[in-house]
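Below is model.txt, holding compact mmCIF, N, CA and C atoms and all ligand atoms.
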```txt
# COMPACT_ATOMS: atom_id res chain seq x y z
N MET A 1 0.85 -1.20 0.00
CA MET A 1 0.00 0.00 0.00
C MET A 1 0.88 1.25 0.00
N SER A 2 0.65 2.14 -0.95
CA SER A 2 1.56 3.26 -1.14
C SER A 2 1.53 4.26 0.01
N ASP A 3 0.41 4.31 0.76
CA ASP A 3 0.34 5.27 1.86
C ASP A 3 0.68 4.64 3.21
N CYS A 4 1.20 3.42 3.19
CA CYS A 4 1.58 2.74 4.43
C CYS A 4 3.09 2.92 4.66
N ILE A 5 3.45 3.49 5.80
CA ILE A 5 4.85 3.79 6.05
C ILE A 5 5.70 2.52 6.09
N PHE A 6 5.17 1.42 6.60
CA PHE A 6 5.97 0.20 6.66
C PHE A 6 6.08 -0.45 5.28
N CYS A 7 5.04 -0.35 4.44
CA CYS A 7 5.17 -0.82 3.06
C CYS A 7 6.24 0.00 2.34
N ARG A 8 6.30 1.28 2.65
CA ARG A 8 7.32 2.14 2.02
C ARG A 8 8.73 1.77 2.52
N ILE A 9 8.84 1.34 3.76
CA ILE A 9 10.13 0.83 4.25
C ILE A 9 10.49 -0.46 3.52
N ILE A 10 9.52 -1.36 3.35
CA ILE A 10 9.76 -2.60 2.63
C ILE A 10 10.27 -2.31 1.21
N ASN A 11 9.66 -1.30 0.58
CA ASN A 11 10.01 -0.95 -0.80
C ASN A 11 11.24 -0.04 -0.90
N GLN A 12 11.87 0.21 0.26
CA GLN A 12 13.07 1.04 0.35
C GLN A 12 12.83 2.48 -0.12
N GLU A 13 11.61 2.94 -0.01
CA GLU A 13 11.30 4.34 -0.29
C GLU A 13 11.60 5.21 0.93
N ILE A 14 11.64 4.58 2.09
CA ILE A 14 12.02 5.23 3.34
C ILE A 14 13.17 4.42 3.92
N PRO A 15 14.25 5.09 4.36
CA PRO A 15 15.39 4.32 4.89
C PRO A 15 15.07 3.69 6.24
N SER A 16 15.72 2.58 6.49
CA SER A 16 15.60 1.93 7.80
C SER A 16 16.88 1.16 8.06
N LYS A 17 17.09 0.84 9.32
CA LYS A 17 18.24 0.02 9.70
C LYS A 17 17.77 -1.43 9.76
N ILE A 18 18.01 -2.14 8.66
CA ILE A 18 17.49 -3.50 8.54
C ILE A 18 18.34 -4.46 9.35
N VAL A 19 17.66 -5.30 10.11
CA VAL A 19 18.30 -6.32 10.94
C VAL A 19 18.22 -7.69 10.26
N TYR A 20 17.12 -7.93 9.56
CA TYR A 20 16.92 -9.21 8.87
C TYR A 20 15.91 -9.00 7.74
N GLU A 21 16.11 -9.71 6.65
CA GLU A 21 15.14 -9.64 5.55
C GLU A 21 15.12 -10.96 4.79
N ASP A 22 13.93 -11.42 4.44
CA ASP A 22 13.79 -12.50 3.46
C ASP A 22 12.55 -12.21 2.63
N ASP A 23 12.07 -13.21 1.89
CA ASP A 23 10.95 -12.97 0.96
C ASP A 23 9.68 -12.54 1.67
N GLU A 24 9.54 -12.96 2.92
CA GLU A 24 8.26 -12.76 3.62
C GLU A 24 8.32 -11.80 4.79
N ILE A 25 9.53 -11.58 5.32
CA ILE A 25 9.68 -10.91 6.61
C ILE A 25 10.72 -9.80 6.51
N LEU A 26 10.47 -8.70 7.23
CA LEU A 26 11.49 -7.67 7.41
C LEU A 26 11.58 -7.35 8.90
N ALA A 27 12.80 -7.21 9.39
CA ALA A 27 13.04 -6.76 10.77
C ALA A 27 13.95 -5.55 10.70
N PHE A 28 13.60 -4.50 11.43
CA PHE A 28 14.39 -3.27 11.39
C PHE A 28 14.29 -2.57 12.74
N GLU A 29 15.27 -1.69 12.97
CA GLU A 29 15.32 -1.00 14.26
C GLU A 29 14.20 0.04 14.35
N ASP A 30 13.56 0.10 15.51
CA ASP A 30 12.55 1.13 15.74
C ASP A 30 13.24 2.50 15.80
N VAL A 31 12.64 3.47 15.11
CA VAL A 31 13.24 4.80 15.02
C VAL A 31 13.19 5.55 16.36
N ASN A 32 12.31 5.12 17.24
CA ASN A 32 12.15 5.77 18.55
C ASN A 32 12.23 4.70 19.64
N PRO A 33 13.44 4.18 19.88
CA PRO A 33 13.55 3.00 20.75
C PRO A 33 13.11 3.27 22.19
N LEU A 34 12.35 2.32 22.71
CA LEU A 34 11.86 2.40 24.09
C LEU A 34 12.66 1.49 25.02
N ALA A 35 13.69 0.87 24.49
CA ALA A 35 14.57 -0.01 25.28
C ALA A 35 15.91 -0.06 24.53
N PRO A 36 16.98 -0.53 25.18
CA PRO A 36 18.29 -0.59 24.49
C PRO A 36 18.23 -1.37 23.17
N ILE A 37 17.46 -2.43 23.15
CA ILE A 37 17.19 -3.15 21.90
C ILE A 37 15.70 -3.00 21.61
N HIS A 38 15.37 -2.43 20.47
CA HIS A 38 13.95 -2.27 20.07
C HIS A 38 13.88 -2.46 18.57
N ILE A 39 13.42 -3.63 18.19
CA ILE A 39 13.37 -4.02 16.78
C ILE A 39 11.92 -4.34 16.42
N LEU A 40 11.52 -3.94 15.22
CA LEU A 40 10.18 -4.25 14.71
C LEU A 40 10.28 -5.36 13.68
N LEU A 41 9.38 -6.32 13.78
CA LEU A 41 9.31 -7.41 12.80
C LEU A 41 7.96 -7.34 12.10
N ILE A 42 7.98 -7.37 10.78
CA ILE A 42 6.74 -7.24 10.01
C ILE A 42 6.70 -8.27 8.88
N PRO A 43 5.47 -8.66 8.50
CA PRO A 43 5.34 -9.43 7.26
C PRO A 43 5.41 -8.46 6.09
N LYS A 44 5.94 -8.89 4.97
CA LYS A 44 5.94 -8.03 3.79
C LYS A 44 4.53 -7.86 3.22
N LYS A 45 3.69 -8.86 3.45
CA LYS A 45 2.27 -8.73 3.07
C LYS A 45 1.63 -7.67 3.95
N HIS A 46 0.90 -6.76 3.34
CA HIS A 46 0.23 -5.73 4.14
C HIS A 46 -0.98 -6.33 4.84
N ILE A 47 -0.86 -6.46 6.15
CA ILE A 47 -1.98 -6.85 7.02
C ILE A 47 -2.10 -5.69 8.00
N ALA A 48 -3.27 -5.09 8.11
CA ALA A 48 -3.38 -3.85 8.88
C ALA A 48 -3.19 -4.09 10.38
N THR A 49 -3.89 -5.06 10.93
CA THR A 49 -3.87 -5.25 12.38
C THR A 49 -3.94 -6.74 12.71
N MET A 50 -3.69 -7.06 13.98
CA MET A 50 -3.85 -8.44 14.44
C MET A 50 -5.26 -8.93 14.18
N ASP A 51 -6.21 -8.02 14.22
CA ASP A 51 -7.61 -8.37 14.03
C ASP A 51 -7.92 -8.73 12.58
N ASP A 52 -7.01 -8.44 11.67
CA ASP A 52 -7.21 -8.75 10.25
C ASP A 52 -6.51 -10.04 9.83
N VAL A 53 -5.82 -10.68 10.77
CA VAL A 53 -5.09 -11.91 10.45
C VAL A 53 -6.08 -13.04 10.12
N THR A 54 -5.74 -13.82 9.10
CA THR A 54 -6.56 -14.98 8.75
C THR A 54 -5.70 -16.24 8.82
N GLU A 55 -6.35 -17.37 8.66
CA GLU A 55 -5.66 -18.66 8.74
C GLU A 55 -4.45 -18.70 7.79
N GLU A 56 -4.59 -18.10 6.63
CA GLU A 56 -3.49 -18.18 5.65
C GLU A 56 -2.25 -17.39 6.10
N ASP A 57 -2.41 -16.54 7.10
CA ASP A 57 -1.28 -15.76 7.61
C ASP A 57 -0.55 -16.47 8.76
N SER A 58 -1.07 -17.60 9.21
CA SER A 58 -0.54 -18.21 10.43
C SER A 58 0.93 -18.62 10.26
N ALA A 59 1.31 -19.08 9.07
CA ALA A 59 2.69 -19.54 8.89
C ALA A 59 3.67 -18.37 8.99
N VAL A 60 3.36 -17.26 8.34
CA VAL A 60 4.30 -16.14 8.37
C VAL A 60 4.36 -15.53 9.78
N LEU A 61 3.24 -15.51 10.48
CA LEU A 61 3.29 -14.99 11.85
C LEU A 61 4.12 -15.92 12.74
N GLY A 62 4.00 -17.21 12.52
CA GLY A 62 4.84 -18.15 13.27
C GLY A 62 6.31 -17.93 12.96
N ARG A 63 6.62 -17.70 11.70
CA ARG A 63 8.01 -17.44 11.31
C ARG A 63 8.53 -16.16 11.95
N ILE A 64 7.67 -15.15 12.04
CA ILE A 64 8.09 -13.88 12.67
C ILE A 64 8.45 -14.12 14.13
N LEU A 65 7.64 -14.90 14.84
CA LEU A 65 7.95 -15.16 16.26
C LEU A 65 9.26 -15.94 16.39
N LEU A 66 9.49 -16.91 15.54
CA LEU A 66 10.76 -17.65 15.59
C LEU A 66 11.93 -16.75 15.25
N LYS A 67 11.73 -15.86 14.26
CA LYS A 67 12.82 -14.94 13.90
C LYS A 67 13.09 -13.96 15.04
N ALA A 68 12.06 -13.54 15.73
CA ALA A 68 12.26 -12.66 16.90
C ALA A 68 13.13 -13.37 17.94
N LYS A 69 12.85 -14.64 18.16
CA LYS A 69 13.66 -15.42 19.10
C LYS A 69 15.11 -15.50 18.63
N GLU A 70 15.31 -15.73 17.35
CA GLU A 70 16.68 -15.81 16.81
C GLU A 70 17.42 -14.48 16.95
N ILE A 71 16.74 -13.39 16.62
CA ILE A 71 17.38 -12.07 16.74
C ILE A 71 17.69 -11.77 18.20
N ALA A 72 16.76 -12.13 19.08
CA ALA A 72 17.01 -11.93 20.51
C ALA A 72 18.29 -12.63 20.93
N ALA A 73 18.48 -13.85 20.46
CA ALA A 73 19.70 -14.59 20.80
C ALA A 73 20.93 -13.90 20.22
N GLU A 74 20.82 -13.46 18.95
CA GLU A 74 21.96 -12.75 18.32
C GLU A 74 22.34 -11.50 19.10
N LYS A 75 21.35 -10.85 19.68
CA LYS A 75 21.58 -9.60 20.42
C LYS A 75 21.93 -9.87 21.88
N GLY A 76 22.01 -11.14 22.26
CA GLY A 76 22.40 -11.49 23.62
C GLY A 76 21.28 -11.34 24.65
N LEU A 77 20.04 -11.36 24.16
CA LEU A 77 18.91 -11.15 25.07
C LEU A 77 18.36 -12.44 25.66
N ASN A 78 18.83 -13.57 25.15
CA ASN A 78 18.17 -14.83 25.53
C ASN A 78 18.39 -15.22 26.97
N GLU A 79 19.52 -14.81 27.55
CA GLU A 79 19.78 -15.23 28.94
C GLU A 79 18.82 -14.53 29.91
N ASN A 80 18.72 -13.23 29.80
CA ASN A 80 17.89 -12.48 30.75
C ASN A 80 16.46 -12.27 30.26
N GLY A 81 16.23 -12.52 28.99
CA GLY A 81 14.86 -12.43 28.48
C GLY A 81 14.57 -11.14 27.75
N TYR A 82 13.36 -11.09 27.25
CA TYR A 82 12.94 -9.99 26.37
C TYR A 82 11.43 -10.00 26.29
N ARG A 83 10.89 -9.05 25.54
CA ARG A 83 9.43 -8.95 25.39
C ARG A 83 9.09 -8.81 23.92
N ILE A 84 8.04 -9.50 23.50
CA ILE A 84 7.49 -9.36 22.15
C ILE A 84 6.08 -8.80 22.32
N VAL A 85 5.80 -7.68 21.63
CA VAL A 85 4.53 -6.97 21.83
C VAL A 85 3.87 -6.72 20.48
N ASN A 86 2.55 -6.94 20.45
CA ASN A 86 1.75 -6.46 19.32
C ASN A 86 0.65 -5.56 19.87
N ASN A 87 0.58 -4.35 19.36
CA ASN A 87 -0.48 -3.42 19.72
C ASN A 87 -1.56 -3.49 18.64
N CYS A 88 -2.80 -3.69 19.06
CA CYS A 88 -3.90 -3.85 18.09
C CYS A 88 -4.91 -2.72 18.22
N LYS A 89 -5.01 -1.94 17.15
CA LYS A 89 -6.02 -0.86 17.04
C LYS A 89 -5.89 0.18 18.15
N ALA A 90 -6.85 1.07 18.22
CA ALA A 90 -6.72 2.27 19.06
C ALA A 90 -6.52 1.94 20.53
N HIS A 91 -7.34 1.07 21.08
CA HIS A 91 -7.22 0.78 22.51
C HIS A 91 -5.96 0.00 22.84
N GLY A 92 -5.39 -0.66 21.84
CA GLY A 92 -4.12 -1.36 22.05
C GLY A 92 -2.91 -0.45 21.87
N GLY A 93 -3.16 0.78 21.43
CA GLY A 93 -2.06 1.73 21.25
C GLY A 93 -1.37 1.63 19.90
N GLN A 94 -2.04 1.03 18.91
CA GLN A 94 -1.43 0.89 17.58
C GLN A 94 -1.41 2.23 16.86
N GLU A 95 -0.23 2.60 16.35
CA GLU A 95 -0.09 3.85 15.60
C GLU A 95 0.16 3.62 14.12
N VAL A 96 0.83 2.54 13.79
CA VAL A 96 1.10 2.21 12.39
C VAL A 96 0.26 0.99 12.02
N PHE A 97 -0.59 1.17 10.99
CA PHE A 97 -1.55 0.12 10.66
C PHE A 97 -1.03 -0.81 9.57
N HIS A 98 0.12 -1.39 9.88
CA HIS A 98 0.70 -2.54 9.17
C HIS A 98 1.20 -3.41 10.31
N ILE A 99 0.65 -4.58 10.45
CA ILE A 99 0.92 -5.39 11.64
C ILE A 99 2.42 -5.50 11.90
N HIS A 100 2.78 -5.36 13.17
CA HIS A 100 4.20 -5.44 13.54
C HIS A 100 4.32 -5.96 14.96
N PHE A 101 5.47 -6.54 15.21
CA PHE A 101 5.77 -7.09 16.52
C PHE A 101 7.03 -6.40 17.03
N HIS A 102 6.91 -5.80 18.20
CA HIS A 102 8.05 -5.14 18.84
C HIS A 102 8.86 -6.20 19.59
N LEU A 103 10.17 -6.23 19.36
CA LEU A 103 11.09 -7.02 20.17
C LEU A 103 11.87 -6.03 21.03
N LEU A 104 11.68 -6.15 22.33
CA LEU A 104 12.26 -5.19 23.29
C LEU A 104 13.11 -5.92 24.30
N GLY A 105 14.25 -5.35 24.62
CA GLY A 105 15.09 -5.96 25.65
C GLY A 105 16.34 -5.16 25.90
N GLY A 106 17.22 -5.75 26.72
CA GLY A 106 18.49 -5.10 27.04
C GLY A 106 18.51 -4.47 28.41
N GLU A 107 17.36 -4.45 29.08
CA GLU A 107 17.27 -3.99 30.46
C GLU A 107 15.96 -4.55 31.04
N LYS A 108 15.82 -4.44 32.35
CA LYS A 108 14.57 -4.88 32.98
C LYS A 108 13.48 -3.90 32.56
N LEU A 109 12.44 -4.43 31.89
CA LEU A 109 11.38 -3.59 31.34
C LEU A 109 10.30 -3.34 32.38
N GLY A 110 9.69 -2.15 32.32
CA GLY A 110 8.54 -1.88 33.16
C GLY A 110 7.33 -2.67 32.67
N LEU A 111 6.25 -2.59 33.42
CA LEU A 111 5.07 -3.38 33.08
C LEU A 111 4.51 -2.96 31.71
N PHE A 112 4.47 -1.65 31.47
CA PHE A 112 3.98 -1.17 30.18
C PHE A 112 5.06 -0.34 29.52
N VAL A 113 5.75 -0.92 28.58
CA VAL A 113 6.73 -0.16 27.81
C VAL A 113 6.04 0.31 26.53
P1 LIG A 201 2.71 0.92 17.35
O1 LIG A 201 2.39 2.00 18.35
O2 LIG A 201 2.65 -0.45 17.94
O3 LIG A 201 1.90 1.06 16.09
O4 LIG A 201 4.24 1.12 17.01
C1 LIG A 201 4.69 1.80 15.87
C2 LIG A 201 6.18 1.90 16.00
O5 LIG A 201 6.72 2.24 14.75
C3 LIG A 201 6.67 2.95 17.01
O6 LIG A 201 7.45 2.32 18.01
C4 LIG A 201 7.47 3.92 16.16
O7 LIG A 201 8.60 4.43 16.82
C5 LIG A 201 7.85 3.04 14.98
N1 LIG A 201 8.13 3.74 13.74
C6 LIG A 201 7.36 4.67 13.12
N2 LIG A 201 7.94 5.09 11.99
C7 LIG A 201 9.10 4.40 11.87
C8 LIG A 201 10.16 4.41 10.91
N3 LIG A 201 10.13 5.17 9.80
N4 LIG A 201 11.21 3.58 11.12
C9 LIG A 201 11.26 2.79 12.21
N5 LIG A 201 10.29 2.74 13.16
C10 LIG A 201 9.23 3.55 13.00
```

Could I get this file's structure written as structure tokens?
Amino acid sequence: MSDCIFCRIINQEIPSKIVYEDDEILAFEDVNPLAPIHILLIPKKHIATMDDVTEEDSAVLGRILLKAKEIAAEKGLNENGYRIVNNCKAHGGQEVFHIHFHLLGGEKLGLFV
């Protein structure tokens, strides 16, 4: 979608610090980090919110969670742990309407980061 900021990152129309990329998934550093490590993982398919996920998306979402675990290990977060967050729609605090998963870590996180 041309008006979606994360689709524009996927298409390299907006720069980002890419951590991982394959045919289905992109991981990049959050521009406004809320923790020492703050990475966003997204499917390349435009899915607006968690509420729009269908059965056919289950494989890529599973791959995103496994990739988050792998990146966490690469960043040295696996020993002390980390947090994976999805914000859904207005009450969930979602600001960008292309589904994404925040990987946060590197310090003891508060209850609501
Ligand atoms: P959410 O509130 O869950 O929708 O989170 C959206 C996240 O996207 C926020 O943490 C923003 O800092 C992040 N973000 C917005 N624009 C960019 C960008 N151009 N590059 C990297 N991260 C971004």

List every residue of chain A that has an atom at most 8 Å from any atom of ligand LIG 201 (chain A), and for each one report the closest atom pair and its distance in Å to one decimal, counting only N, CA and C atoms and all ligand atoms, with rows sorted by chain and then by increasing residue number, as a Markdown table.
```
| residue | atom | partner | partner_atom | distance |
| --- | --- | --- | --- | --- |
| A:Ile5 | C | A:LIG201 | N3 | 6.4 |
| A:Phe6 | N | A:LIG201 | N3 | 7.0 |
| A:Ile9 | CA | A:LIG201 | N3 | 7.0 |
| A:Ile14 | C | A:LIG201 | N3 | 6.7 |
| A:Pro15 | C | A:LIG201 | N4 | 6.2 |
| A:Ser16 | CA | A:LIG201 | N4 | 5.7 |
| A:Lys17 | N | A:LIG201 | N4 | 6.7 |
| A:Phe28 | C | A:LIG201 | C9 | 6.2 |
| A:Glu29 | C | A:LIG201 | C9 | 4.6 |
| A:Asp30 | CA | A:LIG201 | N5 | 3.8 |
| A:Val31 | N | A:LIG201 | N5 | 3.1 |
| A:Asn32 | N | A:LIG201 | O7 | 3.8 |
| A:Pro33 | N | A:LIG201 | O7 | 5.7 |
| A:Leu34 | N | A:LIG201 | O6 | 6.8 |
| A:Ile39 | C | A:LIG201 | N5 | 8.0 |
| A:Leu40 | N | A:LIG201 | N5 | 7.1 |
| A:Val85 | C | A:LIG201 | O2 | 6.9 |
| A:Asn86 | C | A:LIG201 | O2 | 5.8 |
| A:Asn87 | N | A:LIG201 | O2 | 4.6 |
| A:Cys88 | N | A:LIG201 | O2 | 6.4 |
| A:Lys89 | N | A:LIG201 | O3 | 7.6 |
| A:Gly92 | C | A:LIG201 | O2 | 6.8 |
| A:Gly93 | C | A:LIG201 | O1 | 4.1 |
| A:Gln94 | C | A:LIG201 | O3 | 3.6 |
| A:Glu95 | N | A:LIG201 | O3 | 2.6 |
| A:Val96 | N | A:LIG201 | O3 | 2.9 |
| A:Phe97 | N | A:LIG201 | O3 | 5.7 |
| A:His98 | N | A:LIG201 | O3 | 6.9 |
| A:Ile99 | C | A:LIG201 | O3 | 7.8 |
| A:His100 | C | A:LIG201 | O2 | 6.5 |
| A:Phe101 | N | A:LIG201 | O2 | 7.2 |
| A:His102 | N | A:LIG201 | O2 | 6.8 |
```

Can those selected residues be exported to a file as a compact mmCIF listing (two decimals), in the coordinates of the input so that it contains N, CA and C atoms?
```
# COMPACT_ATOMS: atom_id res chain seq x y z
N ILE A 5 3.45 3.49 5.80
CA ILE A 5 4.85 3.79 6.05
C ILE A 5 5.70 2.52 6.09
N PHE A 6 5.17 1.42 6.60
CA PHE A 6 5.97 0.20 6.66
C PHE A 6 6.08 -0.45 5.28
N ILE A 9 8.84 1.34 3.76
CA ILE A 9 10.13 0.83 4.25
C ILE A 9 10.49 -0.46 3.52
N ILE A 14 11.64 4.58 2.09
CA ILE A 14 12.02 5.23 3.34
C ILE A 14 13.17 4.42 3.92
N PRO A 15 14.25 5.09 4.36
CA PRO A 15 15.39 4.32 4.89
C PRO A 15 15.07 3.69 6.24
N SER A 16 15.72 2.58 6.49
CA SER A 16 15.60 1.93 7.80
C SER A 16 16.88 1.16 8.06
N LYS A 17 17.09 0.84 9.32
CA LYS A 17 18.24 0.02 9.70
C LYS A 17 17.77 -1.43 9.76
N PHE A 28 13.60 -4.50 11.43
CA PHE A 28 14.39 -3.27 11.39
C PHE A 28 14.29 -2.57 12.74
N GLU A 29 15.27 -1.69 12.97
CA GLU A 29 15.32 -1.00 14.26
C GLU A 29 14.20 0.04 14.35
N ASP A 30 13.56 0.10 15.51
CA ASP A 30 12.55 1.13 15.74
C ASP A 30 13.24 2.50 15.80
N VAL A 31 12.64 3.47 15.11
CA VAL A 31 13.24 4.80 15.02
C VAL A 31 13.19 5.55 16.36
N ASN A 32 12.31 5.12 17.24
CA ASN A 32 12.15 5.77 18.55
C ASN A 32 12.23 4.70 19.64
N PRO A 33 13.44 4.18 19.88
CA PRO A 33 13.55 3.00 20.75
C PRO A 33 13.11 3.27 22.19
N LEU A 34 12.35 2.32 22.71
CA LEU A 34 11.86 2.40 24.09
C LEU A 34 12.66 1.49 25.02
N ILE A 39 13.42 -3.63 18.19
CA ILE A 39 13.37 -4.02 16.78
C ILE A 39 11.92 -4.34 16.42
N LEU A 40 11.52 -3.94 15.22
CA LEU A 40 10.18 -4.25 14.71
C LEU A 40 10.28 -5.36 13.68
N VAL A 85 5.80 -7.68 21.63
CA VAL A 85 4.53 -6.97 21.83
C VAL A 85 3.87 -6.72 20.48
N ASN A 86 2.55 -6.94 20.45
CA ASN A 86 1.75 -6.46 19.32
C ASN A 86 0.65 -5.56 19.87
N ASN A 87 0.58 -4.35 19.36
CA ASN A 87 -0.48 -3.42 19.72
C ASN A 87 -1.56 -3.49 18.64
N CYS A 88 -2.80 -3.69 19.06
CA CYS A 88 -3.90 -3.85 18.09
C CYS A 88 -4.91 -2.72 18.22
N LYS A 89 -5.01 -1.94 17.15
CA LYS A 89 -6.02 -0.86 17.04
C LYS A 89 -5.89 0.18 18.15
N GLY A 92 -5.39 -0.66 21.84
CA GLY A 92 -4.12 -1.36 22.05
C GLY A 92 -2.91 -0.45 21.87
N GLY A 93 -3.16 0.78 21.43
CA GLY A 93 -2.06 1.73 21.25
C GLY A 93 -1.37 1.63 19.90
N GLN A 94 -2.04 1.03 18.91
CA GLN A 94 -1.43 0.89 17.58
C GLN A 94 -1.41 2.23 16.86
N GLU A 95 -0.23 2.60 16.35
CA GLU A 95 -0.09 3.85 15.60
C GLU A 95 0.16 3.62 14.12
N VAL A 96 0.83 2.54 13.79
CA VAL A 96 1.10 2.21 12.39
C VAL A 96 0.26 0.99 12.02
N PHE A 97 -0.59 1.17 10.99
CA PHE A 97 -1.55 0.12 10.66
C PHE A 97 -1.03 -0.81 9.57
N HIS A 98 0.12 -1.39 9.88
CA HIS A 98 0.70 -2.54 9.17
C HIS A 98 1.20 -3.41 10.31
N ILE A 99 0.65 -4.58 10.45
CA ILE A 99 0.92 -5.39 11.64
C ILE A 99 2.42 -5.50 11.90
N HIS A 100 2.78 -5.36 13.17
CA HIS A 100 4.20 -5.44 13.54
C HIS A 100 4.32 -5.96 14.96
N PHE A 101 5.47 -6.54 15.21
CA PHE A 101 5.77 -7.09 16.52
C PHE A 101 7.03 -6.40 17.03
N HIS A 102 6.91 -5.80 18.20
CA HIS A 102 8.05 -5.14 18.84
C HIS A 102 8.86 -6.20 19.59
```

Pick from A:Ile10, A:Ile37, A:Ile84, A:Glu24, whichever lies nearest to Val60 of chain A using only C-alpha atoms: A:Glu24

Members of chain A assigned helix (DSSP H, G or I) by DSSP, as number ranges by chain: A: 5-10, 50-52, 55-74, 89-92

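In this model, the gap between atom N of Ala90 of chain A and atom C of Arg8 of chain A comes to 22.1 Å.
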
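For the pair atom N of Asn11 of chain A and atom C of Arg83 of chain A, the interatomic distance is 24.5 Å.
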
Enclosing box along x, y and z for every listed atom of segment 57-73 of chain A, padded 6 Å each side, centre and size in Å, one decimal, as lines of an AutoDock Vina configuration file:
```
center_x = 9.3
center_y = -15.7
center_z = 14.0
size_x = 35.3
size_y = 19.8
size_z = 25.8
```

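For the pair atom CA of Tyr82 of chain A and atom CA of Gly105 of chain A, the separation is 4.6 Å.
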
Filtered DSSP result for chain A, state strand (DSSP E), as JSON, numbers by chain: {"A": [18, 19, 20, 21, 25, 26, 27, 28, 29, 37, 38, 39, 40, 41, 42, 43, 82, 83, 84, 85, 101, 102, 103, 104, 105]}

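The residue that comes closest to Gly81 of chain A, out of A:Tyr20, A:Leu104, A:Leu65, A:Ala59 and on the basis of only N, CA and C atoms, is A:Leu104.
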
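When all atoms listed in the file are used to compute distances to Glu107 of chain A, the closest of the residues A:Ile25, A:Asp57, A:Asn80, A:Ile42 turns out to be A:Asn80.
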
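With only C-alpha atoms as the atoms that count, the minimum distance from Ile64 of chain A to the choices A:Leu109, A:Asp22, A:Cys7, A:Gln12 is reached by A:Asp22.
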